[in-house]
Amino acid sequence: TRPRILVARAVFPETIARLEQHFEVEHNQADAAWSRQELLARLKDKAGALTTGTERIDAELLAACSELKICANMAVGFNNFDVPAMTARGVLATNTPDVLTETTADFGFALLMATARRIAESEHYLRAGRWTKWSYDMFAGAEVHGSTLGILGMGRIGQGIARRGAHGFGMNVIYHNRSRLTPELEAACKARYVTKDELLAKADHLVLVLPYSAESHHAIGAAELARMKPTATLVNIARGGIVDDAALAQALKEKRIAAAGLDVFEGEPKVHPDLLTVPNVVLTPHIASATVPTRRAMADLAAENLIGYLVGGQPRTPLNPEVLKKKP
Ligand code: GLV
Ligand code: GLV
């Protein structure tokens with residue numbers, strides 16, 4: 001009999017069709033996120049799951065789902081996975097790196113520019129019918145070209161943003177990361193390694209692209225915001241929880257930094273109410289990887305991980321490849 005899998009959220013019909021060539025597929029047609037209890041119940045007899053970054057795969061769930069062999073996340077981030085618990089249970093974890101790097105870097109840059117040049121705020125003003133005259137300082141924002149671009153988290157996406165800033169906009173790029181890039185990679189994105197303190201103090205535009213973990217929780221809080229320039233902008237395309245949203249809303253309200261652009265939020269899809277009322281923040285609903293070709297590529301890669309592993313034994317992008325060695 002064919003392996004049974006669960007697709008936890010709605011995806012492209014083509015993805016479901018492709019999976020149905022290999023598996024008995026149960027999928028979420030309604031696309032209201034299943035409750036935890038419902039997810040557990042549906043996953044009990046499944047060998048694999050296609051998850052989307054919102055389903056928490058932890059020890060409790062794994063204990064209840066003894067048939068489970070693989071969870072394929074349709075996201076590069078995988079903070080919804082307890083990877084050590086998965087490895088201990090011999091459950092493979094996969095994500096979708098690389099296929100979304102350039103698209104997500106494009107969006108990071110778009111959000112930086114929208115934030116610095118006050119595009120959302122000025123659009124609301126125009127739509128509200130408040131544009132009646134030219135004025136010398138109307139929506140005067142921050143300079144992008146030639147300014148200092150700070151990047152916290154220098155993975156593939158961070159490097160993509162650095163290249164755009166350095167080569168496209170003549171920006172002076174500085175970064176901080178747990179580990180330094182090789183000299184070759186630093187040269188390719190013209191980026192200079194600095195301490196986190198220097199990054200906060202010198203960046204005109206600070207972009208966050210680091211993975212979420214206990215270590216990066218509130219990496220930007222009141223103390224860090226206080227170290228930034230009052231003219232600086234902050235962009236978060238990484239994960240909610242990396243920024244203390246309450247502290248950020250307060251800093252924006254008091255103009256202790258100039259503006260922020262946020263694609264991710266603590267407790268999303270809920271958004272801190274104070275962020276909804278301050279004008280100097282651009283808010284988008286976690287769409288940095290959302291282009292049609294990239295979302296297709298992500299769905300394809302997640303499907304190929306499921307098929308590769310459950311049918312062929314070889315996944316494409318394993319996060320815990322040690323599970324492969326343990327396989328009977
Ligand atoms: C989206 O946030 C992702 O991790 O791919
Ligand atoms: C993270 O995995 C990245 O690609 O930046």
# chains A, B, ... in the order shown; residues from 1 in each chain; ligands from 1

$ closest_atom_pairs --of "chain A" --to "ligand 1" --cutoff "8 Å" --atoms "only C-alpha atoms and all ligand atoms" --output "JSON lines"
{"residue": "A:Gly53", "atom": "CA", "partner": "ligand 1", "partner_atom_place_in_ligand_line": "4 (O)", "distance": 6.8}
{"residue": "A:Met74", "atom": "CA", "partner": "ligand 1", "partner_atom_place_in_ligand_line": "5 (O)", "distance": 6.7}
{"residue": "A:Ala75", "atom": "CA", "partner": "ligand 1", "partner_atom_place_in_ligand_line": "5 (O)", "distance": 3.2}
{"residue": "A:Val76", "atom": "CA", "partner": "ligand 1", "partner_atom_place_in_ligand_line": "5 (O)", "distance": 3.9}
{"residue": "A:Gly77", "atom": "CA", "partner": "ligand 1", "partner_atom_place_in_ligand_line": "4 (O)", "distance": 3.4}
{"residue": "A:Phe78", "atom": "CA", "partner": "ligand 1", "partner_atom_place_in_ligand_line": "4 (O)", "distance": 6.6}
{"residue": "A:Thr96", "atom": "CA", "partner": "ligand 1", "partner_atom_place_in_ligand_line": "5 (O)", "distance": 6.9}
{"residue": "A:Pro97", "atom": "CA", "partner": "ligand 1", "partner_atom_place_in_ligand_line": "5 (O)", "distance": 7.8}
{"residue": "A:Leu100", "atom": "CA", "partner": "ligand 1", "partner_atom_place_in_ligand_line": "5 (O)", "distance": 7.3}
{"residue": "A:Ile237", "atom": "CA", "partner": "ligand 1", "partner_atom_place_in_ligand_line": "2 (O)", "distance": 7.7}
{"residue": "A:Ala238", "atom": "CA", "partner": "ligand 1", "partner_atom_place_in_ligand_line": "2 (O)", "distance": 6.8}
{"residue": "A:Arg239", "atom": "CA", "partner": "ligand 1", "partner_atom_place_in_ligand_line": "2 (O)", "distance": 6.8}
{"residue": "A:Val264", "atom": "CA", "partner": "ligand 1", "partner_atom_place_in_ligand_line": "2 (O)", "distance": 8.0}
{"residue": "A:His286", "atom": "CA", "partner": "ligand 1", "partner_atom_place_in_ligand_line": "2 (O)", "distance": 6.6}
{"residue": "A:Ile287", "atom": "CA", "partner": "ligand 1", "partner_atom_place_in_ligand_line": "2 (O)", "distance": 7.7}
{"residue": "A:Ala288", "atom": "CA", "partner": "ligand 1", "partner_atom_place_in_ligand_line": "1 (C)", "distance": 7.1}
{"residue": "A:Ser289", "atom": "CA", "partner": "ligand 1", "partner_atom_place_in_ligand_line": "1 (C)", "distance": 6.5}

$ residues_around --residues "region 153-162 of chain A" --least-positions-apart "6" --cutoff "9 Å" --atoms "only C-alpha atoms" --output "PyMOL selection string"
chain A and resi 97-98+100-106+108-109+171+173-181+185-186+188-191+207-211

$ closest_residue --among "A:Ala30, A:Ala72, A:Ala93, A:Leu152" --to "Ile242 (chain A)" --atoms "only C-alpha atoms"
A:Leu152

$ closest_residue --among "A:Thr51, A:Gln21, A:Thr1, A:Asn79" --to "ligand 2" --atoms "only C-alpha atoms and all ligand atoms"
A:Asn79

$ residues_around --residues "Leu252 (chain A)" --least-positions-apart "3" --cutoff "9 Å" --atoms "only C-alpha atoms" --output "PyMOL selection string"
chain A and resi 247-249+255-260+275+278-281

$ closest_residue --among "A:Asp45, A:Glu24, A:Glu123, A:Glu224" --to "Leu68 (chain A)" --atoms "only C-alpha atoms"
A:Asp45

$ closest_residue --among "A:Lys202, A:Arg164, A:Lys326, A:Arg130" --to "Met113 (chain A)" --atoms "only C-alpha atoms"
A:Arg164

$ closest_residue --among "A:Glu38, A:Asp31, A:Asp82, A:Glu143" --to "Ala10 (chain A)" --atoms "only C-alpha atoms"
A:Asp31

$ select_by_dssp --residues "region 9-224 of chain A" --states "helix (DSSP H, G or I)" --output "ChimeraX atom specification"
/A:13-20,36-43,59-64,83-88,101-116,119-127,156-169,183-188,196-202,222-224

$ select_by_dssp --residues "region 143-313 of chain A" --states "strand (DSSP E)" --output "number ranges by chain"
A: 148-152, 172-176, 191-193, 205-208, 233-236, 259-262, 281-283

$ write_last_selection --atoms "C-alpha atoms" --output "PDB file, in the first residue's frame"
ATOM      1  CA  THR A 148      25.178  52.614   5.502  1.00  0.00           C
ATOM      2  CA  LEU A 149      23.293  49.324   5.234  1.00  0.00           C
ATOM      3  CA  GLY A 150      23.509  47.120   8.319  1.00  0.00           C
ATOM      4  CA  ILE A 151      22.578  43.455   8.116  1.00  0.00           C
ATOM      5  CA  LEU A 152      22.026  41.252  11.149  1.00  0.00           C
ATOM      6  CA  ASN A 172      28.400  50.953   2.573  1.00  0.00           C
ATOM      7  CA  VAL A 173      27.534  47.461   3.860  1.00  0.00           C
ATOM      8  CA  ILE A 174      28.314  46.270   7.378  1.00  0.00           C
ATOM      9  CA  TYR A 175      27.063  43.057   8.962  1.00  0.00           C
ATOM     10  CA  HIS A 176      27.038  41.013  12.100  1.00  0.00           C
ATOM     11  CA  ALA A 191      30.416  43.694   3.323  1.00  0.00           C
ATOM     12  CA  ARG A 192      32.489  44.462   6.395  1.00  0.00           C
ATOM     13  CA  TYR A 193      32.111  42.429   9.608  1.00  0.00           C
ATOM     14  CA  HIS A 205      19.140  51.052   7.587  1.00  0.00           C
ATOM     15  CA  LEU A 206      19.220  47.876   9.641  1.00  0.00           C
ATOM     16  CA  VAL A 207      17.808  44.709   8.069  1.00  0.00           C
ATOM     17  CA  LEU A 208      17.157  41.589  10.182  1.00  0.00           C
ATOM     18  CA  THR A 233      15.145  52.597   9.797  1.00  0.00           C
ATOM     19  CA  LEU A 234      14.678  48.999  10.907  1.00  0.00           C
ATOM     20  CA  VAL A 235      13.440  46.209   8.624  1.00  0.00           C
ATOM     21  CA  ASN A 236      12.421  42.735   9.861  1.00  0.00           C
ATOM     22  CA  ALA A 259      10.733  54.248  10.806  1.00  0.00           C
ATOM     23  CA  ALA A 260      10.346  50.495  10.525  1.00  0.00           C
ATOM     24  CA  GLY A 261       9.252  47.977   7.911  1.00  0.00           C
ATOM     25  CA  LEU A 262       7.885  44.698   9.237  1.00  0.00           C
ATOM     26  CA  VAL A 281       5.861  51.760  10.085  1.00  0.00           C
ATOM     27  CA  VAL A 282       5.197  49.751   6.925  1.00  0.00           C
ATOM     28  CA  LEU A 283       3.351  46.504   7.701  1.00  0.00           C
TER      29      LEU A 283
END

$ decode --residues "region 199-241 of chain A" --atoms "N, CA and C atoms" --output "JSON list (two decimals), in the first residue's frame"
[["chain", "number", "residue", "atom", "x", "y", "z"],
["A", 199, "LEU", "N", 27.22, 47.68, 14.67],
["A", 199, "LEU", "CA", 26.15, 47.57, 13.68],
["A", 199, "LEU", "C", 24.98, 48.48, 14.06],
["A", 200, "LEU", "N", 24.55, 48.37, 15.31],
["A", 200, "LEU", "CA", 23.42, 49.16, 15.80],
["A", 200, "LEU", "C", 23.72, 50.65, 15.72],
["A", 201, "ALA", "N", 24.95, 51.02, 16.08],
["A", 201, "ALA", "CA", 25.30, 52.43, 16.17],
["A", 201, "ALA", "C", 25.50, 53.06, 14.80],
["A", 202, "LYS", "N", 25.95, 52.28, 13.81],
["A", 202, "LYS", "CA", 26.35, 52.88, 12.53],
["A", 202, "LYS", "C", 25.33, 52.74, 11.41],
["A", 203, "ALA", "N", 24.43, 51.77, 11.51],
["A", 203, "ALA", "CA", 23.53, 51.52, 10.38],
["A", 203, "ALA", "C", 22.55, 52.67, 10.19],
["A", 204, "ASP", "N", 22.38, 53.11, 8.93],
["A", 204, "ASP", "CA", 21.29, 54.01, 8.59],
["A", 204, "ASP", "C", 20.02, 53.19, 8.35],
["A", 205, "HIS", "N", 20.24, 51.98, 7.81],
["A", 205, "HIS", "CA", 19.14, 51.05, 7.59],
["A", 205, "HIS", "C", 19.59, 49.70, 8.11],
["A", 206, "LEU", "N", 18.85, 49.16, 9.04],
["A", 206, "LEU", "CA", 19.22, 47.88, 9.64],
["A", 206, "LEU", "C", 18.20, 46.82, 9.22],
["A", 207, "VAL", "N", 18.70, 45.77, 8.54],
["A", 207, "VAL", "CA", 17.81, 44.71, 8.07],
["A", 207, "VAL", "C", 18.09, 43.43, 8.87],
["A", 208, "LEU", "N", 17.02, 42.81, 9.38],
["A", 208, "LEU", "CA", 17.16, 41.59, 10.18],
["A", 208, "LEU", "C", 16.83, 40.38, 9.31],
["A", 209, "VAL", "N", 17.80, 39.47, 9.21],
["A", 209, "VAL", "CA", 17.60, 38.27, 8.38],
["A", 209, "VAL", "C", 18.15, 37.04, 9.09],
["A", 210, "LEU", "N", 18.07, 37.02, 10.41],
["A", 210, "LEU", "CA", 18.64, 35.89, 11.15],
["A", 210, "LEU", "C", 17.54, 34.90, 11.52],
["A", 211, "PRO", "N", 17.88, 33.62, 11.68],
["A", 211, "PRO", "CA", 16.85, 32.65, 12.07],
["A", 211, "PRO", "C", 16.40, 32.89, 13.50],
["A", 212, "TYR", "N", 15.14, 32.54, 13.78],
["A", 212, "TYR", "CA", 14.63, 32.67, 15.14],
["A", 212, "TYR", "C", 15.06, 31.47, 15.98],
["A", 213, "SER", "N", 15.53, 31.76, 17.19],
["A", 213, "SER", "CA", 15.86, 30.70, 18.15],
["A", 213, "SER", "C", 15.78, 31.34, 19.53],
["A", 214, "ALA", "N", 15.95, 30.52, 20.56],
["A", 214, "ALA", "CA", 15.95, 31.07, 21.92],
["A", 214, "ALA", "C", 17.00, 32.18, 22.02],
["A", 215, "GLU", "N", 18.09, 31.98, 21.29],
["A", 215, "GLU", "CA", 19.21, 32.93, 21.32],
["A", 215, "GLU", "C", 18.87, 34.27, 20.65],
["A", 216, "SER", "N", 18.06, 34.22, 19.58],
["A", 216, "SER", "CA", 17.76, 35.46, 18.85],
["A", 216, "SER", "C", 16.43, 36.09, 19.30],
["A", 217, "HIS", "N", 15.78, 35.47, 20.32],
["A", 217, "HIS", "CA", 14.54, 36.06, 20.86],
["A", 217, "HIS", "C", 14.84, 37.47, 21.37],
["A", 218, "HIS", "N", 14.07, 38.44, 20.90],
["A", 218, "HIS", "CA", 14.25, 39.85, 21.28],
["A", 218, "HIS", "C", 15.69, 40.33, 21.10],
["A", 219, "ALA", "N", 16.32, 39.88, 20.01],
["A", 219, "ALA", "CA", 17.66, 40.38, 19.67],
["A", 219, "ALA", "C", 17.62, 41.89, 19.51],
["A", 220, "ILE", "N", 16.45, 42.41, 19.11],
["A", 220, "ILE", "CA", 16.25, 43.86, 19.06],
["A", 220, "ILE", "C", 15.14, 44.22, 20.04],
["A", 221, "GLY", "N", 15.56, 44.77, 21.17],
["A", 221, "GLY", "CA", 14.62, 45.22, 22.20],
["A", 221, "GLY", "C", 14.92, 46.68, 22.53],
["A", 222, "ALA", "N", 14.40, 47.13, 23.66],
["A", 222, "ALA", "CA", 14.54, 48.55, 24.02],
["A", 222, "ALA", "C", 16.01, 48.99, 24.05],
["A", 223, "ALA", "N", 16.88, 48.15, 24.61],
["A", 223, "ALA", "CA", 18.29, 48.55, 24.74],
["A", 223, "ALA", "C", 18.95, 48.70, 23.37],
["A", 224, "GLU", "N", 18.63, 47.78, 22.47],
["A", 224, "GLU", "CA", 19.24, 47.82, 21.13],
["A", 224, "GLU", "C", 18.68, 49.01, 20.34],
["A", 225, "LEU", "N", 17.38, 49.23, 20.45],
["A", 225, "LEU", "CA", 16.76, 50.36, 19.74],
["A", 225, "LEU", "C", 17.38, 51.68, 20.21],
["A", 226, "ALA", "N", 17.72, 51.73, 21.50],
["A", 226, "ALA", "CA", 18.30, 52.95, 22.06],
["A", 226, "ALA", "C", 19.69, 53.23, 21.49],
["A", 227, "ARG", "N", 20.35, 52.19, 21.01],
["A", 227, "ARG", "CA", 21.69, 52.38, 20.45],
["A", 227, "ARG", "C", 21.65, 52.83, 18.99],
["A", 228, "MET", "N", 20.49, 52.73, 18.36],
["A", 228, "MET", "CA", 20.39, 53.08, 16.94],
["A", 228, "MET", "C", 20.28, 54.59, 16.76],
["A", 229, "LYS", "N", 20.63, 55.05, 15.54],
["A", 229, "LYS", "CA", 20.51, 56.48, 15.23],
["A", 229, "LYS", "C", 19.03, 56.89, 15.23],
["A", 230, "PRO", "N", 18.72, 58.08, 15.66],
["A", 230, "PRO", "CA", 17.31, 58.53, 15.62],
["A", 230, "PRO", "C", 16.78, 58.66, 14.19],
["A", 231, "THR", "N", 17.70, 58.71, 13.22],
["A", 231, "THR", "CA", 17.31, 58.80, 11.80],
["A", 231, "THR", "C", 17.23, 57.42, 11.14],
["A", 232, "ALA", "N", 17.51, 56.36, 11.89],
["A", 232, "ALA", "CA", 17.64, 55.03, 11.28],
["A", 232, "ALA", "C", 16.30, 54.38, 10.99],
["A", 233, "THR", "N", 16.30, 53.44, 10.03],
["A", 233, "THR", "CA", 15.14, 52.60, 9.80],
["A", 233, "THR", "C", 15.51, 51.15, 10.13],
["A", 234, "LEU", "N", 14.51, 50.40, 10.55],
["A", 234, "LEU", "CA", 14.68, 49.00, 10.91],
["A", 234, "LEU", "C", 13.74, 48.16, 10.05],
["A", 235, "VAL", "N", 14.27, 47.09, 9.45],
["A", 235, "VAL", "CA", 13.44, 46.21, 8.62],
["A", 235, "VAL", "C", 13.55, 44.78, 9.15],
["A", 236, "ASN", "N", 12.41, 44.13, 9.41],
["A", 236, "ASN", "CA", 12.42, 42.73, 9.86],
["A", 236, "ASN", "C", 11.71, 41.85, 8.85],
["A", 237, "ILE", "N", 12.48, 41.03, 8.13],
["A", 237, "ILE", "CA", 11.89, 40.02, 7.25],
["A", 237, "ILE", "C", 12.25, 38.63, 7.76],
["A", 238, "ALA", "N", 12.71, 38.54, 9.02],
["A", 238, "ALA", "CA", 13.20, 37.25, 9.52],
["A", 238, "ALA", "C", 12.08, 36.47, 10.20],
["A", 239, "ARG", "N", 11.80, 36.76, 11.44],
["A", 239, "ARG", "CA", 10.74, 36.11, 12.20],
["A", 239, "ARG", "C", 10.24, 37.05, 13.27],
["A", 240, "GLY", "N", 8.95, 36.93, 13.55],
["A", 240, "GLY", "CA", 8.42, 37.59, 14.71],
["A", 240, "GLY", "C", 9.14, 37.07, 15.95],
["A", 241, "GLY", "N", 9.24, 37.90, 16.97],
["A", 241, "GLY", "CA", 9.91, 37.47, 18.19],
["A", 241, "GLY", "C", 11.38, 37.85, 18.22]]
